[in-house]
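Structure file protein.tsv with TSV, C-alpha atoms:
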chain	number	residue	atom	x	y	z
B	1	MET	CA	0.00	0.00	0.00
B	2	ILE	CA	1.17	3.44	-0.83
B	3	ALA	CA	0.86	4.70	2.73
B	4	SER	CA	3.12	2.08	4.23
B	5	GLY	CA	6.35	4.10	4.01
B	6	VAL	CA	4.82	7.09	5.72
B	7	LEU	CA	3.15	4.87	8.30
B	8	ARG	CA	6.41	3.07	8.95
B	9	ALA	CA	8.26	6.35	9.38
B	10	LEU	CA	5.68	7.58	11.87
B	11	ALA	CA	5.31	4.29	13.72
B	12	ASP	CA	8.37	5.13	15.84
B	13	PRO	CA	7.36	7.33	18.81
B	14	THR	CA	10.57	9.38	18.73
B	15	ARG	CA	10.24	10.06	15.02
B	16	ARG	CA	6.63	11.01	15.53
B	17	ALA	CA	7.70	13.44	18.24
B	18	VAL	CA	10.44	14.87	16.00
B	19	PHE	CA	7.88	15.41	13.25
B	20	GLU	CA	5.47	17.08	15.67
B	21	ARG	CA	8.13	19.45	17.00
B	22	LEU	CA	9.14	20.39	13.47
B	23	ALA	CA	5.51	20.96	12.54
B	24	ALA	CA	5.45	23.70	15.18
B	25	ARG	CA	8.54	25.49	13.84
B	26	GLU	CA	11.77	25.13	11.90
B	27	MET	CA	14.77	23.95	13.97
B	28	THR	CA	18.40	22.91	13.76
B	29	VAL	CA	19.41	19.44	14.96
B	30	SER	CA	20.88	20.84	18.17
B	31	GLU	CA	17.70	22.81	18.94
B	32	LEU	CA	15.70	19.69	18.21
B	33	LYS	CA	17.91	17.50	20.39
B	34	ALA	CA	17.20	19.68	23.43
B	35	GLY	CA	13.76	18.14	23.80
B	36	PHE	CA	14.88	14.51	23.63
B	37	SER	CA	16.91	12.12	25.72
B	38	VAL	CA	18.46	10.48	22.66
B	39	SER	CA	21.83	11.34	21.08
B	40	GLN	CA	22.30	13.81	18.26
B	41	PRO	CA	23.33	11.04	15.80
B	42	ALA	CA	20.11	9.23	16.67
B	43	ILE	CA	18.11	12.39	15.98
B	44	SER	CA	19.94	12.76	12.66
B	45	GLN	CA	19.06	9.18	11.82
B	46	HIS	CA	15.40	9.84	12.50
B	47	LEU	CA	15.55	13.00	10.38
B	48	ALA	CA	17.03	10.98	7.51
B	49	VAL	CA	14.10	8.53	7.63
B	50	LEU	CA	11.57	11.35	7.77
B	51	ARG	CA	13.30	13.11	4.86
B	52	ALA	CA	13.31	9.90	2.79
B	53	GLU	CA	9.52	9.74	3.16
B	54	GLY	CA	9.09	13.39	2.25
B	55	LEU	CA	7.90	14.28	5.75
B	56	VAL	CA	10.77	16.65	6.55
B	57	ALA	CA	12.70	19.14	4.41
B	58	GLU	CA	15.97	20.93	5.14
B	59	ARG	CA	17.29	24.40	4.38
B	60	ARG	CA	20.93	25.50	4.64
B	61	GLN	CA	21.79	28.93	5.90
B	62	GLY	CA	25.47	29.63	6.50
B	63	ARG	CA	26.82	26.95	8.80
B	64	HIS	CA	23.39	25.89	9.95
B	65	ILE	CA	20.89	23.43	8.55
B	66	TYR	CA	17.28	24.06	9.48
B	67	TYR	CA	14.68	21.30	9.38
B	68	ARG	CA	10.95	21.70	8.95
B	69	ALA	CA	7.95	19.37	8.65
B	70	GLU	CA	6.41	18.93	5.20
B	71	PRO	CA	2.64	18.47	5.67
B	72	GLU	CA	2.25	17.37	2.04
B	73	GLY	CA	4.22	14.24	2.95
B	74	LEU	CA	1.19	13.07	4.89
B	75	ALA	CA	-0.96	12.96	1.77
B	76	PRO	CA	-0.54	9.17	1.31
B	77	LEU	CA	-1.78	8.63	4.85
B	78	VAL	CA	-4.70	10.96	4.34
B	79	ASP	CA	-5.48	9.07	1.12
B	80	TRP	CA	-5.39	5.77	3.00
B	81	ILE	CA	-7.89	7.03	5.53
B	82	ASP	CA	-10.00	8.54	2.76
B	83	ARG	CA	-10.14	5.15	1.09
B	84	TYR	CA	-11.88	3.70	4.13
B	85	ARG	CA	-14.03	6.79	4.39
B	86	SER	CA	-15.64	5.84	1.06
B	87	PHE	CA	-15.21	2.06	1.47
B	88	TRP	CA	-17.62	1.58	4.37
B	89	PRO	CA	-20.63	3.55	3.07
B	90	GLU	CA	-20.31	1.74	-0.29
B	91	ARG	CA	-20.18	-1.67	1.39
B	92	LEU	CA	-23.10	-0.89	3.69
B	93	ASP	CA	-25.22	0.01	0.67
B	94	ARG	CA	-24.39	-3.45	-0.68
B	95	LEU	CA	-25.32	-4.96	2.70
B	96	LYS	CA	-28.78	-3.42	2.37
B	97	ARG	CA	-29.27	-5.14	-0.98
B	98	VAL	CA	-28.04	-8.46	0.44
B	99	LEU	CA	-30.47	-8.19	3.34
B	100	LYS	CA	-33.38	-7.60	0.95
B	101	ASP	CA	-32.43	-10.77	-0.95
B	102	MET	CA	-32.05	-12.98	2.14
B	103	ASP	CA	-34.75	-15.45	3.23
B	104	GLN	CA	-36.64	-14.89	6.51
P	105	MET	CA	-29.76	5.80	3.87
P	106	THR	CA	-26.21	5.30	4.96
P	107	ASP	CA	-24.51	8.18	6.66
P	108	ALA	CA	-21.28	9.52	5.33
P	109	ALA	CA	-18.29	8.40	7.33
P	110	HIS	CA	-17.26	10.70	10.14
P	111	THR	CA	-14.01	10.92	11.99
P	112	ASP	CA	-14.19	11.24	15.74
P	113	ASP	CA	-11.70	12.43	18.30
P	114	ARG	CA	-10.45	8.90	18.93
P	115	ASP	CA	-9.28	8.72	15.34
P	116	ALA	CA	-12.16	6.48	14.33
P	117	LEU	CA	-14.36	6.48	11.26
P	118	ILE	CA	-17.98	6.04	12.29
P	119	ILE	CA	-20.78	5.14	9.90
P	120	ASP	CA	-24.38	4.83	11.05
P	121	CYS	CA	-27.05	3.11	9.07
P	122	GLU	CA	-30.70	2.24	9.54
P	123	LEU	CA	-31.78	-1.19	8.34
P	124	ASP	CA	-35.33	-2.50	7.99
P	125	GLU	CA	-34.30	-6.02	8.98
P	126	PRO	CA	-34.08	-7.19	12.64
P	127	PRO	CA	-30.70	-7.67	14.40
P	128	GLU	CA	-30.96	-11.47	14.06
P	129	LYS	CA	-30.98	-11.21	10.29
P	130	VAL	CA	-28.29	-8.54	10.18
P	131	TRP	CA	-26.14	-10.72	12.45
P	132	ARG	CA	-26.33	-13.52	9.88
P	133	ALA	CA	-25.22	-11.14	7.14
P	134	LEU	CA	-22.24	-10.29	9.35
P	135	THR	CA	-21.23	-13.78	10.41
P	136	VAL	CA	-22.22	-16.34	7.75
P	137	PRO	CA	-19.25	-16.45	5.36
P	138	GLU	CA	-21.29	-16.60	2.13
P	139	LEU	CA	-23.58	-13.75	3.19
P	140	LEU	CA	-20.70	-11.62	4.46
P	141	ALA	CA	-18.85	-12.25	1.20
P	142	ALA	CA	-21.83	-10.99	-0.78
P	143	TRP	CA	-21.40	-7.44	0.55
P	144	LEU	CA	-17.89	-7.22	1.98
P	145	MET	CA	-15.21	-9.66	0.76
P	146	PRO	CA	-14.69	-13.43	0.43
P	147	ASN	CA	-13.81	-14.73	3.88
P	148	ASP	CA	-13.72	-17.68	6.26
P	149	ILE	CA	-15.15	-15.99	9.34
P	150	ARG	CA	-16.10	-17.92	12.48
P	151	PRO	CA	-17.98	-15.68	14.90
P	152	GLN	CA	-16.16	-16.78	18.05
P	153	ALA	CA	-13.83	-14.63	20.11
P	154	GLY	CA	-10.24	-15.51	19.29
P	155	ALA	CA	-11.01	-16.95	15.85
P	156	ARG	CA	-8.67	-15.78	13.12
P	157	PHE	CA	-9.77	-15.48	9.54
P	158	ARG	CA	-8.98	-13.63	6.36
P	159	PHE	CA	-10.77	-11.42	3.91
P	160	ALA	CA	-9.53	-11.98	0.37
P	161	GLY	CA	-9.19	-8.41	-0.80
P	162	ASP	CA	-8.62	-7.07	-4.27
P	163	ALA	CA	-5.46	-5.51	-5.67
P	164	ALA	CA	-6.29	-2.20	-4.02
P	165	THR	CA	-6.83	-3.47	-0.49
P	166	GLY	CA	-4.80	-6.67	-0.39
P	167	ASP	CA	-5.81	-9.51	1.92
P	168	ILE	CA	-6.99	-8.43	5.34
P	169	ASP	CA	-6.11	-10.59	8.33
P	170	CYS	CA	-8.69	-10.49	11.09
P	171	GLU	CA	-9.20	-11.80	14.57
P	172	VAL	CA	-12.57	-11.84	16.30
P	173	LEU	CA	-12.12	-9.74	19.45
P	174	ALA	CA	-15.74	-9.93	20.55
P	175	ALA	CA	-18.81	-11.72	19.24
P	176	ASP	CA	-22.04	-11.04	21.13
P	177	PRO	CA	-24.80	-12.46	18.90
P	178	HIS	CA	-27.26	-9.89	17.52
P	179	ARG	CA	-25.45	-7.09	19.38
P	180	LEU	CA	-21.73	-6.68	18.73
P	181	LEU	CA	-19.01	-7.99	16.46
P	182	ARG	CA	-15.56	-6.53	16.95
P	183	LEU	CA	-12.62	-7.45	14.72
P	184	ARG	CA	-8.92	-6.75	14.65
P	185	TRP	CA	-8.37	-5.55	11.09
P	186	ARG	CA	-4.85	-5.78	9.74
P	187	SER	CA	-4.34	-4.70	6.17
P	188	PRO	CA	-1.10	-5.17	4.23
P	189	ALA	CA	0.41	-1.82	5.13
P	190	ASP	CA	-0.06	-2.79	8.74
P	191	ILE	CA	1.55	-6.20	8.41
P	192	ARG	CA	4.81	-4.70	7.26
P	193	THR	CA	4.91	-2.18	10.05
P	194	GLY	CA	3.94	-4.30	13.03
P	195	HIS	CA	1.28	-4.35	15.69
P	196	ASP	CA	1.13	-0.63	16.26
P	197	LEU	CA	-0.71	-0.20	13.02
P	198	ASP	CA	-3.48	-2.71	13.54
P	199	SER	CA	-6.88	-1.17	13.27
P	200	GLU	CA	-10.19	-2.38	14.66
P	201	VAL	CA	-13.62	-2.64	13.13
P	202	ALA	CA	-16.70	-2.90	15.34
P	203	PHE	CA	-20.26	-3.56	14.22
P	204	GLU	CA	-22.78	-2.48	16.85
P	205	LEU	CA	-26.40	-3.57	16.40
P	206	ASP	CA	-29.34	-1.99	18.18
P	207	ARG	CA	-32.96	-2.98	17.68
P	208	THR	CA	-35.10	-0.05	16.63
P	209	ALA	CA	-38.65	0.62	17.82
P	210	ALA	CA	-39.88	-0.42	14.38
P	211	GLY	CA	-38.17	-3.81	14.71
P	212	GLY	CA	-35.30	-2.96	12.38
P	213	THR	CA	-31.64	-2.46	13.21
P	214	HIS	CA	-29.53	0.56	13.84
P	215	LEU	CA	-26.08	-0.53	12.68
P	216	ARG	CA	-23.04	1.48	13.62
P	217	VAL	CA	-19.67	0.64	12.09
P	218	ILE	CA	-16.64	1.99	13.93
P	219	HIS	CA	-13.26	1.66	12.24
P	220	SER	CA	-10.70	2.84	14.76
P	221	GLY	CA	-6.95	3.11	14.88
P	222	LEU	CA	-6.55	4.29	11.30
P	223	SER	CA	-4.30	7.11	12.30
P	224	ARG	CA	-2.74	5.48	15.32
P	225	ALA	CA	0.60	5.75	13.61
P	226	ALA	CA	0.10	9.38	12.83
P	227	PRO	CA	0.72	12.35	15.06
P	228	ARG	CA	-1.63	15.16	15.88
P	229	ALA	CA	0.29	16.92	13.17
P	230	VAL	CA	-1.64	14.86	10.63
P	231	ALA	CA	-4.75	16.75	11.57
P	232	ARG	CA	-2.96	20.07	11.71
P	233	ALA	CA	-1.30	19.39	8.38
P	234	SER	CA	-4.52	18.33	6.72
P	235	ASP	CA	-6.02	21.57	7.97
P	236	ARG	CA	-3.43	23.45	6.00
P	237	GLY	CA	-3.14	20.90	3.26
P	238	ARG	CA	-4.88	20.44	-0.02
P	239	ARG	CA	-7.69	18.32	1.37
P	240	PRO	CA	-9.13	19.08	4.78
P	241	LEU	CA	-10.55	16.15	6.71
P	242	PRO	CA	-14.04	16.56	8.05
P	243	MET	CA	-14.01	15.94	11.78
P	244	ARG	CA	-16.75	15.33	14.25
P	245	THR	CA	-16.81	16.77	17.71
P	246	ALA	CA	-19.67	14.95	19.43
P	247	ARG	CA	-18.36	12.68	22.16
P	248	GLY	CA	-19.75	9.32	23.16
P	249	ARG	CA	-22.83	7.97	21.52
P	250	ALA	CA	-24.72	11.15	20.90
P	251	PRO	CA	-26.22	11.48	17.43
P	252	ILE	CA	-23.47	12.31	15.03
P	253	THR	CA	-23.32	15.68	13.46
P	254	MET	CA	-20.63	16.57	11.02
P	255	SER	CA	-18.68	19.71	11.67
P	256	HIS	CA	-16.13	20.96	9.24
P	257	ALA	CA	-15.32	23.93	11.40
P	258	ALA	CA	-14.32	21.98	14.49
P	259	PRO	CA	-10.62	21.69	15.28
P	260	PRO	CA	-9.45	18.17	14.63
P	261	ARG	CA	-8.19	16.30	17.66
P	262	TRP	CA	-6.47	13.24	16.44
P	263	ARG	CA	-4.53	11.47	19.06
P	264	ALA	CA	-1.03	10.19	18.63
P	265	ALA	CA	-0.45	6.83	20.26
P	266	ALA	CA	1.75	7.41	23.30

Rewritten as C-alpha cells:
Amino acid sequence: MIASGVLRALADPTRRAVFERLAAREMTVSELKAGFSVSQPAISQHLAVLRAEGLVAERRQGRHIYYRAEPEGLAPLVDWIDRYRSFWPERLDRLKRVLKDMDQ
Amino acid sequence: MTDAAHTDDRDALIIDCELDEPPEKVWRALTVPELLAAWLMPNDIRPQAGARFRFAGDAATGDIDCEVLAADPHRLLRLRWRSPADIRTGHDLDSEVAFELDRTAAGGTHLRVIHSGLSRAAPRAVARASDRGRRPLPMRTARGRAPITMSHAAPPRWRAAA
C-alpha cells in the first residue's frame, strides 16, 4: 500500500515526536535535540528517515541546517484514511441489498 | 440511507445506518461467510472470540487478516483488522472494526460501524497538516454515543499513540 512508508516512518514514537516538533517550527538538529533524551546522531538518523519519506525538508543557511515538517508528505496517509471513508458507506449500501435478498 | 463516514476524536471512522431487517438477520449477514462475502469480501469468518480469519481483498486493499475480538450475537461484532500496510509495520498499526447492532422501535436495526486506529501511527500533526493541506478532513466533535453531526469547522483532535 502506498501509505506504508509514511506509516512506517511515523510508527516510531521518537520520530513522531520529531515530526510534531518540526511541525510547530523550523529547527536545527541541536535545537531539536534539546527536547529529547536520545543522542544527536540518533536524531539525525530519524531525520534521515523522515526526509526519505518526504515528511521533513531541510534548508541550509550559513553553517546551519534548518529542518521543517512537510505536511504534504502526509498525503498518502490521508489518502489511506479517505479510502476507508468511502469504502464503508459503499459496502453498507451493498449490505442493504443483500439483506433484501435474504430469506426470513 | 447510509450516513457519510465521520471521523471522531479517537481517530475512528464512524458510519451509522438504519436497516429494515431485525438484528438477528443482520447478524447472519455479518457472520455467515457466504452472506458476508456478498457485501464485503470473500472470507472464512467464524464468529467466536479468538477466531482468526482472512478477507480476500482485491489488488487495491490486499488480503486483510482479522481476529474476532468480541462476538455477542445480535449485538456486537468486533474485529482486529490488519491490512497489508499494517503487516509490514507491526502491531502498532493494527486497526479495529466494530459492528454495533441496536434494535429499533420499528423492529429494524440501527447498525453502527466503527473503524478505529486508522491514524494510530500518525501524530496530531496529521490533523494540523490536513487543515493546511490540499484536502481538509471533516471531523466530528460529538463525544460518546450522541447522534453524530458533522462539523467541518471543528478543530481536529487526532490522538497520537503514546

For Arg150 (chain P), find every residue with an atom within 10 Å (counting only C-alpha atoms), except residues of its own chain fewer than 2 positions away, and show them as a compact mmCIF listing (two decimals) with C-alpha atoms, keeping the file's coordinate frame.
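Full text of part.txt as output:
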# COMPACT_ATOMS: atom_id res chain seq x y z
CA THR P 135 -21.23 -13.78 10.41
CA VAL P 136 -22.22 -16.34 7.75
CA PRO P 137 -19.25 -16.45 5.36
CA ASN P 147 -13.81 -14.73 3.88
CA ASP P 148 -13.72 -17.68 6.26
CA GLN P 152 -16.16 -16.78 18.05
CA ALA P 153 -13.83 -14.63 20.11
CA GLY P 154 -10.24 -15.51 19.29
CA ALA P 155 -11.01 -16.95 15.85
CA ARG P 156 -8.67 -15.78 13.12
CA PHE P 157 -9.77 -15.48 9.54
CA GLU P 171 -9.20 -11.80 14.57
CA VAL P 172 -12.57 -11.84 16.30
CA ALA P 175 -18.81 -11.72 19.24

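CA of Tyr84 (chain B) lies 17.1 Å from CA of Leu215 (chain P).
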
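Closest approach to Leu77 (chain B) from the set B:Glu53, B:Glu90, B:Glu31, B:Asp101 is made by B:Glu53, with distances taken over only C-alpha atoms.
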
Students should find that CA of Ala202 (chain P) and CA of Arg184 (chain P) are spaced 8.7 Å

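For the pair CA of Glu26 (chain B) and CA of Ile43 (chain B), the interatomic distance is 14.8 Å.
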
Could you tell me which residues of chain B sit within 9 Å of chain P when counting all atoms listed in the file, and give me the result as a CSV table (one decimal) with C-alpha atoms, keeping the file's coordinate frame?
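File written: selection01.csv
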chain,number,residue,atom,x,y,z
B,1,MET,CA,0.0,0.0,0.0
B,2,ILE,CA,1.2,3.4,-0.8
B,3,ALA,CA,0.9,4.7,2.7
B,4,SER,CA,3.1,2.1,4.2
B,5,GLY,CA,6.4,4.1,4.0
B,6,VAL,CA,4.8,7.1,5.7
B,7,LEU,CA,3.2,4.9,8.3
B,8,ARG,CA,6.4,3.1,9.0
B,9,ALA,CA,8.3,6.4,9.4
B,10,LEU,CA,5.7,7.6,11.9
B,11,ALA,CA,5.3,4.3,13.7
B,12,ASP,CA,8.4,5.1,15.8
B,13,PRO,CA,7.4,7.3,18.8
B,16,ARG,CA,6.6,11.0,15.5
B,17,ALA,CA,7.7,13.4,18.2
B,19,PHE,CA,7.9,15.4,13.2
B,20,GLU,CA,5.5,17.1,15.7
B,23,ALA,CA,5.5,21.0,12.5
B,24,ALA,CA,5.4,23.7,15.2
B,70,GLU,CA,6.4,18.9,5.2
B,71,PRO,CA,2.6,18.5,5.7
B,72,GLU,CA,2.2,17.4,2.0
B,74,LEU,CA,1.2,13.1,4.9
B,75,ALA,CA,-1.0,13.0,1.8
B,77,LEU,CA,-1.8,8.6,4.8
B,78,VAL,CA,-4.7,11.0,4.3
B,80,TRP,CA,-5.4,5.8,3.0
B,81,ILE,CA,-7.9,7.0,5.5
B,82,ASP,CA,-10.0,8.5,2.8
B,84,TYR,CA,-11.9,3.7,4.1
B,85,ARG,CA,-14.0,6.8,4.4
B,86,SER,CA,-15.6,5.8,1.1
B,88,TRP,CA,-17.6,1.6,4.4
B,89,PRO,CA,-20.6,3.6,3.1
B,90,GLU,CA,-20.3,1.7,-0.3
B,91,ARG,CA,-20.2,-1.7,1.4
B,92,LEU,CA,-23.1,-0.9,3.7
B,93,ASP,CA,-25.2,0.0,0.7
B,94,ARG,CA,-24.4,-3.4,-0.7
B,95,LEU,CA,-25.3,-5.0,2.7
B,96,LYS,CA,-28.8,-3.4,2.4
B,97,ARG,CA,-29.3,-5.1,-1.0
B,98,VAL,CA,-28.0,-8.5,0.4
B,99,LEU,CA,-30.5,-8.2,3.3
B,100,LYS,CA,-33.4,-7.6,1.0
B,102,MET,CA,-32.0,-13.0,2.1
B,104,GLN,CA,-36.6,-14.9,6.5

Hey, what's within 6 Å of Thr28 (chain B) if we count all atoms listed in the file and toss same-chain stuff fewer than 2 positions away? As a ChimeraX atom specification, please? /B:30-31,65-67

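Nearest to Ala42 (chain B) of all the residues B:Arg15, B:Arg63, B:Arg83, B:Arg21 is B:Arg15, counting all atoms listed in the file.
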
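Proximity of P:Arg186, P:Arg207, P:His214, P:His178 to Gly161 (chain P), computed with all atoms listed in the file, is greatest for P:Arg186.
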